[in-house]
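This is coords-v3.cif (mmCIF, C-alpha atoms and all ligand atoms).
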data_run
loop_
_atom_site.label_atom_id
_atom_site.label_comp_id
_atom_site.auth_asym_id
_atom_site.auth_seq_id
_atom_site.Cartn_x
_atom_site.Cartn_y
_atom_site.Cartn_z
CA MET A 7 95.23 114.96 109.25
CA HIS A 8 94.10 113.80 105.83
CA SER A 9 93.32 110.41 104.28
CA THR A 10 96.17 110.82 101.77
CA CYS A 11 98.77 111.13 104.58
CA PRO A 12 101.05 108.12 105.11
CA VAL A 13 100.92 105.44 107.83
CA GLY A 14 104.13 105.04 109.88
CA VAL A 15 105.21 101.47 110.68
CA PHE A 16 108.25 100.68 112.81
CA ASP A 17 110.18 97.84 114.41
CA SER A 18 113.51 97.31 116.13
CA GLY A 19 114.70 96.06 112.74
CA VAL A 20 113.53 94.28 109.64
CA GLY A 21 110.94 92.09 111.40
CA GLY A 22 108.10 94.57 111.02
CA LEU A 23 108.31 94.03 107.28
CA SER A 24 106.28 90.88 107.92
CA VAL A 25 103.48 93.17 109.14
CA LEU A 26 104.11 95.80 106.46
CA ARG A 27 103.63 93.25 103.67
CA GLU A 28 100.20 92.32 105.08
CA ILE A 29 99.25 96.01 105.30
CA HIS A 30 100.44 96.66 101.77
CA GLN A 31 98.56 93.63 100.49
CA LEU A 32 95.29 94.58 102.21
CA MET A 33 95.57 98.33 101.50
CA PRO A 34 97.71 98.79 98.37
CA HIS A 35 96.66 102.43 98.02
CA GLU A 36 98.06 103.52 101.37
CA GLU A 37 101.30 105.51 101.48
CA LEU A 38 103.57 103.72 103.97
CA LEU A 39 106.73 104.78 105.82
CA TYR A 40 108.76 102.02 107.44
CA VAL A 41 111.50 102.56 110.03
CA ALA A 42 113.86 99.71 110.92
CA ASP A 43 115.80 100.70 114.03
CA SER A 44 118.40 98.11 113.13
CA ALA A 45 121.27 100.05 114.72
CA HIS A 46 119.63 99.16 118.04
CA ALA A 47 118.20 95.68 117.36
CA PRO A 48 117.43 93.57 119.22
CA TYR A 49 115.31 95.66 121.59
CA GLY A 50 114.75 92.54 123.68
CA ASP A 51 117.89 92.95 125.77
CA LYS A 52 117.60 96.75 126.22
CA PRO A 53 116.03 98.58 129.18
CA LYS A 54 112.39 99.61 128.96
CA GLU A 55 113.37 103.32 129.10
CA PHE A 56 115.61 102.87 126.10
CA ILE A 57 112.85 101.21 124.06
CA LEU A 58 110.44 104.00 125.02
CA GLU A 59 112.98 106.61 123.99
CA ARG A 60 113.66 104.96 120.64
CA SER A 61 109.94 104.54 119.96
CA THR A 62 109.34 108.20 120.81
CA ALA A 63 112.16 109.36 118.52
CA ILE A 64 110.76 107.27 115.66
CA ILE A 65 107.20 108.52 116.20
CA GLU A 66 108.47 112.14 116.24
CA PHE A 67 110.14 111.40 112.91
CA PHE A 68 106.84 110.04 111.59
CA LEU A 69 104.98 113.11 112.84
CA SER A 70 107.43 115.34 110.98
CA HIS A 71 106.24 113.40 107.89
CA LYS A 72 102.61 114.07 108.83
CA VAL A 73 101.53 110.46 109.35
CA LYS A 74 97.84 109.77 110.00
CA ALA A 75 98.42 106.57 112.03
CA ILE A 76 101.18 104.51 113.63
CA VAL A 77 101.75 100.76 113.65
CA VAL A 78 104.09 99.47 116.36
CA ALA A 79 105.15 96.40 114.37
CA CYS A 80 107.22 95.03 117.24
CA ASN A 81 105.92 92.85 120.07
CA THR A 82 108.81 93.89 122.29
CA ALA A 83 108.21 97.63 121.84
CA THR A 84 104.49 97.00 122.36
CA ALA A 85 105.20 95.20 125.63
CA ALA A 86 107.72 97.77 126.85
CA ALA A 87 106.27 101.07 125.69
CA VAL A 88 102.85 101.11 124.04
CA LYS A 89 100.94 102.14 127.15
CA GLU A 90 103.14 105.22 127.56
CA LEU A 91 103.07 105.96 123.81
CA ARG A 92 99.27 105.92 123.74
CA GLY A 93 99.34 108.38 126.64
CA ILE A 94 101.69 110.74 124.78
CA TYR A 95 100.32 110.62 121.23
CA ASP A 96 96.76 111.30 120.25
CA LEU A 97 96.54 109.57 116.88
CA PRO A 98 95.35 106.12 115.76
CA MET A 99 97.91 103.57 116.94
CA VAL A 100 97.92 99.81 116.31
CA ALA A 101 100.18 97.54 118.34
CA MET A 102 101.05 93.86 118.32
CA GLU A 103 99.41 91.01 120.20
CA PRO A 104 100.67 87.44 119.77
CA ALA A 105 98.01 85.29 118.04
CA VAL A 106 97.16 83.29 121.17
CA LYS A 107 93.38 83.60 120.68
CA PRO A 108 93.28 81.96 117.21
CA ALA A 109 95.84 79.38 118.40
CA VAL A 110 93.64 78.34 121.30
CA GLU A 111 90.72 77.99 118.87
CA GLN A 112 92.75 75.76 116.55
CA THR A 113 94.57 73.40 118.91
CA HIS A 114 93.45 69.75 119.07
CA THR A 115 95.97 68.64 121.69
CA GLY A 116 95.12 71.58 123.96
CA VAL A 117 98.76 72.68 123.96
CA VAL A 118 99.94 75.91 122.30
CA GLY A 119 103.56 77.00 122.02
CA VAL A 120 104.48 80.69 121.82
CA LEU A 121 107.85 81.69 120.40
CA ALA A 122 108.81 85.23 121.45
CA THR A 123 111.55 87.34 122.97
CA SER A 124 112.14 87.08 126.72
CA ARG A 125 111.06 90.70 127.19
CA THR A 126 107.72 90.02 125.49
CA ILE A 127 107.15 86.84 127.49
CA ASN A 128 107.97 88.51 130.80
CA SER A 129 105.82 91.57 130.11
CA ASN A 130 102.58 92.43 131.88
CA ASN A 131 100.64 92.43 128.60
CA PHE A 132 101.73 88.90 127.93
CA GLN A 133 100.98 87.60 131.40
CA ILE A 134 97.48 89.06 131.06
CA LEU A 135 97.06 87.42 127.63
CA PHE A 136 98.23 84.10 129.09
CA ALA A 137 95.83 84.33 132.01
CA ARG A 138 92.93 85.09 129.65
CA PHE A 139 93.33 81.77 127.85
CA ALA A 140 94.84 79.62 130.60
CA GLU A 141 91.61 77.72 131.17
CA GLN A 142 91.13 76.89 127.50
CA ALA A 143 94.59 75.53 126.70
CA GLN A 144 98.03 74.94 128.09
CA ILE A 145 100.13 77.81 126.77
CA ILE A 146 103.88 77.30 126.81
CA ALA A 147 106.07 80.35 126.26
CA GLN A 148 109.44 79.71 124.65
CA PRO A 149 112.03 82.54 124.64
CA CYS A 150 114.20 82.47 121.52
CA PRO A 151 117.45 84.38 122.16
CA GLY A 152 119.47 84.85 118.98
CA LEU A 153 116.67 84.38 116.42
CA VAL A 154 116.10 88.12 115.85
CA ASP A 155 119.82 88.51 115.08
CA GLN A 156 119.68 85.73 112.50
CA VAL A 157 116.86 87.49 110.65
CA GLU A 158 118.68 90.84 110.89
CA LEU A 159 121.64 89.14 109.22
CA GLY A 160 119.39 87.81 106.49
CA GLU A 161 120.26 84.26 107.57
CA LEU A 162 116.79 82.84 107.05
CA ASP A 163 117.92 79.29 106.34
CA SER A 164 121.53 78.90 107.57
CA ALA A 165 122.82 75.96 109.66
CA LYS A 166 122.94 78.20 112.75
CA THR A 167 119.37 79.41 112.21
CA ARG A 168 118.13 75.83 111.77
CA SER A 169 119.94 74.70 114.88
CA LEU A 170 118.43 77.53 116.96
CA VAL A 171 114.95 76.85 115.60
CA GLY A 172 115.32 73.17 116.49
CA GLN A 173 116.51 74.06 119.98
CA PHE A 174 113.39 76.19 120.57
CA VAL A 175 110.77 74.13 118.73
CA PHE A 176 111.60 70.55 119.81
CA PRO A 177 110.78 71.08 123.52
CA LEU A 178 107.36 72.44 122.48
CA LEU A 179 106.71 69.43 120.25
CA GLU A 180 107.76 67.09 123.05
CA GLN A 181 105.10 68.72 125.20
CA LYS A 182 102.54 68.01 122.42
CA ALA A 183 102.06 71.55 121.12
CA ASP A 184 100.20 71.37 117.80
CA VAL A 185 99.97 75.14 117.20
CA LEU A 186 102.98 77.44 117.33
CA VAL A 187 102.43 81.19 117.67
CA LEU A 188 105.11 83.46 116.23
CA GLY A 189 105.12 86.18 118.90
CA CYS A 190 107.86 88.28 117.34
CA THR A 191 107.52 90.03 114.00
CA HIS A 192 110.93 88.80 112.86
CA TYR A 193 109.90 85.14 113.04
CA PRO A 194 107.44 84.98 110.09
CA PHE A 195 110.54 85.24 107.88
CA LEU A 196 111.65 81.94 109.44
CA LYS A 197 108.26 80.30 108.95
CA PRO A 198 109.41 77.92 106.16
CA VAL A 199 112.19 76.56 108.44
CA ILE A 200 109.97 76.49 111.54
CA GLN A 201 107.21 74.69 109.61
CA GLU A 202 109.68 72.17 108.18
CA ILE A 203 111.19 71.42 111.58
CA ALA A 204 107.80 71.28 113.34
CA GLY A 205 106.25 69.05 110.65
CA ALA A 206 103.15 69.42 108.51
CA THR A 207 100.68 68.51 111.27
CA VAL A 208 101.69 71.53 113.36
CA LYS A 209 100.09 74.90 112.58
CA VAL A 210 102.42 77.91 112.61
CA ILE A 211 100.58 81.23 112.89
CA ASP A 212 101.35 84.92 113.32
CA SER A 213 99.31 88.08 113.77
CA GLY A 214 100.46 90.16 110.74
CA ALA A 215 97.20 89.81 108.79
CA ALA A 216 95.09 90.53 111.90
CA ILE A 217 97.12 93.70 112.57
CA ALA A 218 96.54 94.83 108.97
CA ARG A 219 92.77 94.26 109.39
CA ARG A 220 92.84 96.18 112.68
CA LEU A 221 94.58 99.11 110.96
CA HIS A 222 92.01 99.01 108.16
CA SER A 223 89.08 99.20 110.56
CA LEU A 224 90.72 101.96 112.61
CA LEU A 225 91.40 104.08 109.51
CA GLN A 226 87.84 103.45 108.33
CA HIS A 227 86.48 104.45 111.72
CA HIS A 228 88.38 107.75 111.58
CA GLY A 229 87.47 108.38 107.90
CA LEU A 230 91.17 108.13 107.03
CA LEU A 231 91.30 105.30 104.47
CA SER A 232 93.21 106.41 101.38
CA ASP A 233 91.02 107.22 98.39
CA LEU A 234 93.94 107.24 95.95
CA ASN A 235 93.49 105.17 92.81
CA SER A 236 97.22 104.74 92.22
CA PRO A 237 99.38 102.34 94.27
CA GLY A 238 100.66 103.91 97.50
CA GLU A 239 104.41 104.54 97.76
CA VAL A 240 106.32 102.54 100.38
CA GLN A 241 109.44 104.27 101.76
CA PHE A 242 112.05 102.59 103.94
CA PHE A 243 114.34 104.14 106.54
CA SER A 244 116.99 102.38 108.62
CA SER A 245 119.08 103.63 111.53
CA SER A 246 121.82 101.15 110.65
CA ASP A 247 124.76 102.59 108.80
CA ASN A 248 126.68 99.39 108.19
CA GLY A 249 124.55 98.42 105.23
CA GLY A 250 123.68 95.01 106.70
CA ALA A 251 120.04 95.41 107.61
CA ASP A 252 119.54 97.73 104.65
CA LYS A 253 120.68 94.97 102.36
CA VAL A 254 118.23 92.57 104.00
CA ILE A 255 115.35 95.05 103.56
CA SER A 256 116.28 95.57 99.95
CA GLU A 257 116.36 91.82 99.43
CA LEU A 258 113.11 91.11 101.27
CA TRP A 259 111.18 93.96 99.68
CA GLY A 260 113.20 94.85 96.63
CA SER A 261 113.34 98.59 97.35
CA PRO A 262 116.22 100.94 98.22
CA VAL A 263 116.58 102.08 101.84
CA LYS A 264 117.33 105.58 103.16
CA THR A 265 119.59 106.05 106.16
CA LEU A 266 117.93 107.62 109.16
CA GLU A 267 119.77 109.29 112.01
CA LEU A 268 117.79 109.52 115.22
CA LEU A 269 119.80 110.53 118.23
CA ASN A 270 119.33 108.96 121.61
CA LYS A 271 120.96 109.74 124.90
CA TYR A 272 121.99 106.15 125.63
CA SER A 273 125.03 104.67 124.00
CA TYR A 274 125.32 100.98 123.15
N1 LIG B 301 110.41 92.30 115.92
C1 LIG B 301 110.60 92.45 117.34
C2 LIG B 301 109.41 91.83 118.06
O1 LIG B 301 108.36 91.66 117.46
C3 LIG B 301 111.95 91.96 117.70
C4 LIG B 301 112.31 92.10 119.11
C5 LIG B 301 113.68 92.60 119.45
O2 LIG B 301 114.22 93.46 118.76
O3 LIG B 301 114.19 92.11 120.45
O4 LIG B 301 109.45 91.52 119.23
#

Would you mind writing the file out in structure tokens?
Amino acid sequence: MHSTCPVGVFDSGVGGLSVLREIHQLMPHEELLYVADSAHAPYGDKPKEFILERSTAIIEFFLSHKVKAIVVACNTATAAAVKELRGIYDLPMVAMEPAVKPAVEQTHTGVVGVLATSRTINSNNFQILFARFAEQAQIIAQPCPGLVDQVELGELDSAKTRSLVGQFVFPLLEQKADVLVLGCTHYPFLKPVIQEIAGATVKVIDSGAAIARRLHSLLQHHGLLSDLNSPGEVQFFSSSDNGGADKVISELWGSPVKTLELLNKYSY
């Protein structure tokens, strides 16, 4: 493994781009490979075994491209599969954690709302995270079915998206939440709408920048930080062949997307 090798970043779809942009901003000289498994998004309503199998197939693809580290830029895949993945693969791996710790530090009302997928909320990881901060603040988890799909469609500000955001955010505001944690990597793309609906006095935070810092320190620790002087290339791959998610990636990032075929034994 060499410092000039790329870092592999993946998500069930386009959401991980919100993490990728933080990585690219902090470490512009790193070569990055991004896989959007949009043919199978959302992961949230799929069985754990399926998510593990998809994650494994994507990591094998990354390994065939000689990556030096992996970023699981998906809270749902982290919750469902990261323990097993760390057991299988012996290379630096960064995974998601909803930004509950900074939220608890910033709340004045003592109430924090967490927007995430049901699978993330119901996971062991999340219950442990909740328990860790339960004495410091009231943490209210809000599942948001349908929001990932809206981002996959590129509907960042449509009437349907606004209505869903309102449906999920208003109950949290009614319970006096003054910090909202975006516990799904798709949601930072909805931050302008979420912030507008929540109002200026509510803080809306995510963990993208913290994940980028974590990757930086891990690469540094392993002596793997890129020493290139030129900007690192960012390459995009999508499992979707209908052009939808690819169009969204191209719009959000402004780069062309390659189609990626990764077989799995399940059929959806
Ligand atoms: N971006 C994924 C996450 O962070 C979306 C989840 C899904 O596909 O259900 O959880």

Checklist entry - So which residues are near ligand LIG 301 (chain B), meaning at most 9 Å away with only C-alpha atoms and all ligand atoms counted, given back as a ChimeraX atom specification? => result /A:17-22,43-44,46-52,78-85,102,122-126,151,154-155,188-193

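Put simply, CA of Glu28 in chain A is 8.8 Å away from CA of Arg219 in chain A.
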
Checklist entry - So, counting all atoms listed in the file, which residue among A:Glu161, A:Asp252, A:Glu37, A:Glu59 is closest to Ala87 in chain A? => result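 Smallest separation from Ala87 in chain A among the options: A:Glu59.
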
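Among A:Leu153, A:Ala101, A:Leu179, A:Leu159, the residue with the shortest atom-to-atom distance to Leu224 in chain A, counting only C-alpha atoms, is A:Ala101.
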
Item to check | One-decimal distance in Å that lies between CA of Ser256 in chain A and CA of Val88 in chain A | outcome: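 Atom-to-atom, CA of Val88 in chain A and CA of Ser256 in chain A are spaced 28.1 Å apart.
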
Each residue of range 45-113 of chain A lying at most 10 Å from range 202-209 of chain A should get a row with its shortest atom-to-atom pair and the distance in Å to one decimal, counting all atoms listed in the file; could you produce that, ordered by chain and increasing number, as a Markdown table?
| residue | atom | partner | partner_atom | distance |
| --- | --- | --- | --- | --- |
| A:Ala109 | CA | A:Lys209 | CA | 8.5 |
| A:Gln112 | CA | A:Lys209 | CA | 8.4 |
| A:Thr113 | CA | A:Lys209 | CA | 8.5 |

Item to check | Between CA of Phe195 in chain A and CA of Gly238 in chain A - distance in Å to one decimal | outcome: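 Interatomic distance here is 23.5 Å.
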
With all atoms of range 72-75 of chain A from the file as input, state the centre and edge lengths in Å to one decimal of the axis-aligned box that has 5 Å extra on each side, as lines of an AutoDock Vina configuration file.
center_x = 100.2
center_y = 110.3
center_z = 110.4
size_x = 14.8
size_y = 17.5
size_z = 13.2

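Proximity of A:Ala147, A:Ala75, A:Val157, A:His228 to Ser129 in chain A, computed with all atoms listed in the file, is greatest for A:Ala147.
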
Item to check | Top pick for closest residue to Met33 in chain A, considering A:Val73, A:Ile65, A:Val118, A:Ala215 and counting all atoms listed in the file | outcome: A:Ala215

Checklist entry - Looking at all atoms listed in the file, which of A:Ser236, A:Gln241, A:Thr10, A:Gln201 is the one that sits closest to Ile255 in chain A? => result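 Looking only at the distances to Ile255 in chain A, the closest residue turns out to be A:Gln241.
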
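Residues in contact with Tyr40 in chain A at up to 6 Å, not including ones fewer than 3 positions away on its chain and judged by only C-alpha atoms, are Val15, Phe16 and Phe242 of chain A.
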